[in-house]
$ cat data.pdb   # PDB, C-alpha atoms, pLDDT in the B column
ATOM      1  CA  MET A   1      13.153  90.031   5.230  1.00 47.00           C
ATOM      2  CA  LEU A   2      10.869  92.781   6.562  1.00 48.00           C
ATOM      3  CA  ASP A   3      13.095  95.716   5.614  1.00 52.00           C
ATOM      4  CA  ARG A   4      12.345  95.717   1.890  1.00 55.00           C
ATOM      5  CA  PRO A   5       9.192  95.436  -0.189  1.00 60.00           C
ATOM      6  CA  ALA A   6       8.783  91.978  -1.605  1.00 86.00           C
ATOM      7  CA  GLU A   7       6.774  90.613  -4.452  1.00 90.00           C
ATOM      8  CA  LEU A   8       4.560  87.566  -4.332  1.00 90.00           C
ATOM      9  CA  GLY A   9       6.696  86.146  -7.126  1.00 88.00           C
ATOM     10  CA  SER A  10       9.663  85.955  -4.740  1.00 87.00           C
ATOM     11  CA  ALA A  11       7.847  83.275  -2.724  1.00 89.00           C
ATOM     12  CA  THR A  12       7.768  79.611  -3.647  1.00 91.00           C
ATOM     13  CA  LEU A  13       4.681  78.366  -5.468  1.00 92.00           C
ATOM     14  CA  VAL A  14       3.310  76.781  -2.277  1.00 92.00           C
ATOM     15  CA  GLU A  15       3.979  79.940  -0.244  1.00 93.00           C
ATOM     16  CA  ALA A  16       2.301  82.095  -2.904  1.00 93.00           C
ATOM     17  CA  LYS A  17      -0.757  79.805  -2.911  1.00 94.00           C
ATOM     18  CA  LEU A  18      -0.939  80.030   0.890  1.00 95.00           C
ATOM     19  CA  VAL A  19      -0.662  83.836   0.837  1.00 96.00           C
ATOM     20  CA  VAL A  20      -3.384  84.178  -1.813  1.00 95.00           C
ATOM     21  CA  ALA A  21      -5.558  81.727   0.142  1.00 95.00           C
ATOM     22  CA  LEU A  22      -4.923  83.785   3.279  1.00 95.00           C
ATOM     23  CA  ARG A  23      -5.989  86.930   1.433  1.00 95.00           C
ATOM     24  CA  ILE A  24      -9.135  85.245   0.138  1.00 94.00           C
ATOM     25  CA  ALA A  25      -9.972  84.027   3.647  1.00 92.00           C
ATOM     26  CA  VAL A  26      -9.580  87.506   5.125  1.00 89.00           C
ATOM     27  CA  PHE A  27     -11.618  89.236   2.417  1.00 90.00           C
ATOM     28  CA  ALA A  28     -14.369  86.602   2.458  1.00 89.00           C
ATOM     29  CA  HIS A  29     -14.601  86.838   6.243  1.00 84.00           C
ATOM     30  CA  LYS A  30     -14.780  90.648   6.108  1.00 86.00           C
ATOM     31  CA  SER A  31     -17.594  90.463   3.556  1.00 91.00           C
ATOM     32  CA  GLY A  32     -19.545  88.024   5.714  1.00 92.00           C
ATOM     33  CA  ALA A  33     -19.036  85.054   3.409  1.00 92.00           C
ATOM     34  CA  ASN A  34     -17.826  81.636   4.463  1.00 92.00           C
ATOM     35  CA  PRO A  35     -14.214  81.527   3.203  1.00 92.00           C
ATOM     36  CA  ALA A  36     -13.896  77.712   3.385  1.00 93.00           C
ATOM     37  CA  PRO A  37     -15.085  76.815  -0.129  1.00 94.00           C
ATOM     38  CA  TYR A  38     -13.026  79.583  -1.753  1.00 93.00           C
ATOM     39  CA  VAL A  39      -9.888  78.686   0.176  1.00 94.00           C
ATOM     40  CA  ALA A  40     -10.378  74.949  -0.439  1.00 95.00           C
ATOM     41  CA  GLU A  41     -10.712  75.630  -4.160  1.00 94.00           C
ATOM     42  CA  ARG A  42      -7.534  77.727  -4.164  1.00 92.00           C
ATOM     43  CA  LEU A  43      -5.550  75.143  -2.186  1.00 94.00           C
ATOM     44  CA  GLY A  44      -7.137  72.080  -3.757  1.00 93.00           C
ATOM     45  CA  SER A  45      -7.854  70.566  -0.355  1.00 93.00           C
ATOM     46  CA  ALA A  46     -10.598  70.962   2.230  1.00 95.00           C
ATOM     47  CA  ALA A  47      -8.256  69.650   4.935  1.00 96.00           C
ATOM     48  CA  LEU A  48      -5.603  72.245   4.070  1.00 95.00           C
ATOM     49  CA  SER A  49      -8.295  74.923   3.989  1.00 95.00           C
ATOM     50  CA  ASN A  50      -9.400  73.903   7.479  1.00 95.00           C
ATOM     51  CA  GLN A  51      -5.815  73.977   8.747  1.00 96.00           C
ATOM     52  CA  LEU A  52      -5.255  77.446   7.317  1.00 95.00           C
ATOM     53  CA  SER A  53      -8.507  78.540   8.959  1.00 93.00           C
ATOM     54  CA  LEU A  54      -7.181  77.393  12.349  1.00 95.00           C
ATOM     55  CA  ILE A  55      -3.965  79.330  11.744  1.00 95.00           C
ATOM     56  CA  VAL A  56      -5.824  82.473  10.702  1.00 92.00           C
ATOM     57  CA  GLU A  57      -8.010  82.280  13.803  1.00 92.00           C
ATOM     58  CA  ALA A  58      -5.024  81.761  16.108  1.00 95.00           C
ATOM     59  CA  MET A  59      -3.087  84.596  14.474  1.00 93.00           C
ATOM     60  CA  GLY A  60      -6.114  86.869  14.596  1.00 90.00           C
ATOM     61  CA  GLN A  61      -6.407  86.373  18.339  1.00 93.00           C
ATOM     62  CA  ALA A  62      -2.679  86.678  19.042  1.00 94.00           C
ATOM     63  CA  TRP A  63      -1.536  89.380  16.622  1.00 90.00           C
ATOM     64  CA  PRO A  64      -0.922  92.688  18.434  1.00 89.00           C
ATOM     65  CA  GLU A  65      -2.657  94.715  15.690  1.00 90.00           C
ATOM     66  CA  PRO A  66      -5.072  93.800  12.892  1.00 86.00           C
ATOM     67  CA  PHE A  67      -3.351  91.454  10.429  1.00 86.00           C
ATOM     68  CA  CYS A  68      -2.895  93.324   7.141  1.00 91.00           C
ATOM     69  CA  VAL A  69      -3.102  91.586   3.784  1.00 94.00           C
ATOM     70  CA  SER A  70      -2.901  92.900   0.262  1.00 94.00           C
ATOM     71  CA  ARG A  71      -5.713  92.412  -2.236  1.00 89.00           C
ATOM     72  CA  PRO A  72      -5.791  88.900  -3.713  1.00 85.00           C
ATOM     73  CA  CYS A  73      -4.574  90.173  -7.104  1.00 87.00           C
ATOM     74  CA  CYS A  74      -1.763  92.358  -5.711  1.00 91.00           C
ATOM     75  CA  ALA A  75       1.821  91.366  -6.436  1.00 93.00           C
ATOM     76  CA  ARG A  76       3.242  93.227  -3.425  1.00 93.00           C
ATOM     77  CA  LEU A  77       3.408  91.464  -0.078  1.00 94.00           C
ATOM     78  CA  SER A  78       2.374  93.296   3.074  1.00 93.00           C
ATOM     79  CA  PRO A  79       4.767  93.230   6.050  1.00 91.00           C
ATOM     80  CA  ASP A  80       2.384  90.828   7.813  1.00 93.00           C
ATOM     81  CA  GLU A  81       2.348  88.541   4.768  1.00 94.00           C
ATOM     82  CA  LEU A  82       6.152  88.556   4.738  1.00 93.00           C
ATOM     83  CA  MET A  83       6.093  87.589   8.395  1.00 94.00           C
ATOM     84  CA  PHE A  84       3.559  84.848   7.613  1.00 96.00           C
ATOM     85  CA  ILE A  85       5.838  83.407   4.904  1.00 95.00           C
ATOM     86  CA  GLY A  86       8.816  83.458   7.247  1.00 95.00           C
ATOM     87  CA  MET A  87       6.809  81.726   9.950  1.00 96.00           C
ATOM     88  CA  VAL A  88       5.511  79.111   7.517  1.00 96.00           C
ATOM     89  CA  ARG A  89       9.032  78.456   6.203  1.00 95.00           C
ATOM     90  CA  SER A  90      10.456  77.983   9.679  1.00 96.00           C
ATOM     91  CA  ALA A  91       7.628  75.784  10.909  1.00 97.00           C
ATOM     92  CA  ALA A  92       7.528  73.643   7.757  1.00 95.00           C
ATOM     93  CA  ARG A  93      11.245  72.974   8.168  1.00 95.00           C
ATOM     94  CA  GLY A  94      10.756  72.148  11.845  1.00 96.00           C
ATOM     95  CA  ASN A  95      13.016  75.061  12.788  1.00 97.00           C
ATOM     96  CA  ARG A  96      11.454  76.142  16.065  1.00 97.00           C
ATOM     97  CA  ALA A  97      14.428  78.357  16.957  1.00 97.00           C
ATOM     98  CA  ALA A  98      14.001  80.449  13.795  1.00 97.00           C
ATOM     99  CA  PHE A  99      10.253  80.661  14.376  1.00 97.00           C
ATOM    100  CA  GLU A 100      10.889  81.871  17.935  1.00 97.00           C
ATOM    101  CA  ARG A 101      13.357  84.532  16.749  1.00 96.00           C
ATOM    102  CA  GLN A 102      10.779  85.840  14.271  1.00 95.00           C
ATOM    103  CA  THR A 103       7.873  85.988  16.703  1.00 96.00           C
ATOM    104  CA  ARG A 104       9.228  86.313  20.253  1.00 96.00           C
ATOM    105  CA  GLU A 105       8.902  90.094  20.500  1.00 94.00           C
ATOM    106  CA  MET A 106       5.295  90.268  19.361  1.00 93.00           C
ATOM    107  CA  LEU A 107       3.579  87.050  20.448  1.00 95.00           C
ATOM    108  CA  ALA A 108       3.150  85.485  23.864  1.00 96.00           C
ATOM    109  CA  GLU A 109       4.704  82.053  24.417  1.00 96.00           C
ATOM    110  CA  ASP A 110       1.385  80.169  24.343  1.00 97.00           C
ATOM    111  CA  ALA A 111       0.404  81.852  21.067  1.00 97.00           C
ATOM    112  CA  ARG A 112       3.814  81.106  19.537  1.00 97.00           C
ATOM    113  CA  THR A 113       3.511  77.463  20.510  1.00 97.00           C
ATOM    114  CA  LEU A 114      -0.014  77.134  19.126  1.00 98.00           C
ATOM    115  CA  ILE A 115       0.746  78.899  15.838  1.00 98.00           C
ATOM    116  CA  TYR A 116       4.027  77.016  15.364  1.00 98.00           C
ATOM    117  CA  ASN A 117       2.297  73.666  15.877  1.00 98.00           C
ATOM    118  CA  LEU A 118      -0.517  74.578  13.484  1.00 98.00           C
ATOM    119  CA  MET A 119       1.941  75.761  10.832  1.00 97.00           C
ATOM    120  CA  TRP A 120       4.157  72.711  11.316  1.00 97.00           C
ATOM    121  CA  GLN A 121       1.129  70.484  10.754  1.00 97.00           C
ATOM    122  CA  MET A 122       0.182  72.492   7.664  1.00 96.00           C
ATOM    123  CA  GLY A 123       3.714  71.989   6.342  1.00 94.00           C
ATOM    124  CA  ARG A 124       3.336  68.236   6.802  1.00 95.00           C
ATOM    125  CA  MET A 125      -0.017  68.318   4.991  1.00 94.00           C
ATOM    126  CA  VAL A 126       1.444  70.270   2.066  1.00 91.00           C
ATOM    127  CA  ALA A 127       4.371  67.855   1.815  1.00 87.00           C
ATOM    128  CA  ALA A 128       2.028  64.863   1.879  1.00 86.00           C
ATOM    129  CA  GLU A 129      -0.062  66.305  -0.957  1.00 79.00           C
ATOM    130  CA  ALA A 130       2.961  67.103  -3.129  1.00 66.00           C
TER     131      ALA A 130
END

$ encode --input "data.pdb" --output "structure tokens"
Amino acid sequence: MLDRPAELGSATLVEAKLVVALRIAVFAHKSGANPAPYVAERLGSAALSNQLSLIVEAMGQAWPEPFCVSRPCCARLSPDELMFIGMVRSAARGNRAAFERQTREMLAEDARTLIYNLMWQMGRMVAAEA
């Protein structure tokens, strides 16, 4: 999945919304603004916005390098965004083994566990709202 450029349109609608919300959160944070209202508006849920915020914080602390996102309007996915989608897919499906394969080389075990659990919970929240 990481060896070729991908477009946002190749993601599911939910994945695309999460990536755009992630981008908004990163850019709002960098500009000193509170991202919560913008992300909640994009996702249609304050609870989902809060969950994504927990994931972003955990990833920010655990990621070996700064997490790179494309501009909110960009169709191209960054390698980190592709990784994010893969992680979300695995966690939402409850596929811990796939999640581990994707993240084992770059994240410590405690970080993998935390991020998996947060993403799994987000997947349950998305499914409940559908």

$ residues_around --input "data.pdb" --residues "A:Lys17" --least-positions-apart "3" --cutoff "12 Å" --atoms "all atoms listed in the file" --output "list in words"
Leu8, Gly9, Ala11, Thr12, Leu13, Val14, Val20, Ala21, Leu22, Arg23, Ile24, Val39, Ala40, Glu41, Arg42, Leu43, Gly44, Ser45, Leu48, Ser49, Leu52, Pro72, Cys73, Ile85 and Val126 of chain A

$ resolve_selection --input "data.pdb" --expression "the PyMOL selection byres ((chain A and resi 106) around 12)" --output "ChimeraX atom specification"
/A:59,62-65,80,83,99-105,107-112

$ closest_residue --input "data.pdb" --among "A:Val56, A:Leu18, A:Lys30, A:Val88" --to "A:Gly123" --atoms "only C-alpha atoms"
A:Val88

$ atom_distance --input "data.pdb" --atom1 "atom CA of A:Ala36" --atom2 "atom CA of A:Asn95"
28.6 Å

$ atom_distance --input "data.pdb" --atom1 "atom CA of A:Trp120" --atom2 "atom CA of A:Pro35"
21.9 Å

$ residues_near_point --input "data.pdb" --point "(-7.5, 85.0, 8.9)" --cutoff "7 Å" --atoms "all atoms listed in the file" --output "JSON, numbers by chain"
{"A": [22, 25, 26, 53, 56, 57, 60]}

$ resolve_selection --input "data.pdb" --expression "the PyMOL selection byres ((chain A and resi 124) around 12)" --output "list of chain:residue names"
A:Ala47, A:Leu48, A:Gln51, A:Val88, A:Arg89, A:Ala91, A:Ala92, A:Arg93, A:Gly94, A:Asn117, A:Leu118, A:Met119, A:Trp120, A:Gln121, A:Met122, A:Gly123, A:Met125, A:Val126, A:Ala127, A:Ala128, A:Glu129, A:Ala130

$ atom_distance --input "data.pdb" --atom1 "atom CA of A:Ile115" --atom2 "atom CA of A:Pro37"
22.6 Å

$ axis_aligned_box --input "data.pdb" --around "stretch 74-88 of chain A" --padding-each-side "3 Å" --output "JSON"
{"center_x": 3.5, "center_y": 86.2, "center_z": 1.8, "size_x": 16.6, "size_y": 20.2, "size_z": 22.4}

$ closest_residue --input "data.pdb" --among "A:Tyr116, A:Glu15, A:Ala28, A:Ser90" --to "A:Arg71" --atoms "only C-alpha atoms"
A:Ala28

$ closest_residue --input "data.pdb" --among "A:Ala98, A:Leu114, A:Val19, A:Ala6" --to "A:Phe84" --atoms "all atoms listed in the file"
A:Val19

$ closest_residue --input "data.pdb" --among "A:Ala97, A:Ala16, A:Ala46, A:Ile55" --to "A:Glu81" --atoms "all atoms listed in the file"
A:Ala16

$ closest_residue --input "data.pdb" --among "A:Gly86, A:Ser10, A:Thr113, A:Phe27" --to "A:Cys68" --atoms "only C-alpha atoms"
A:Phe27
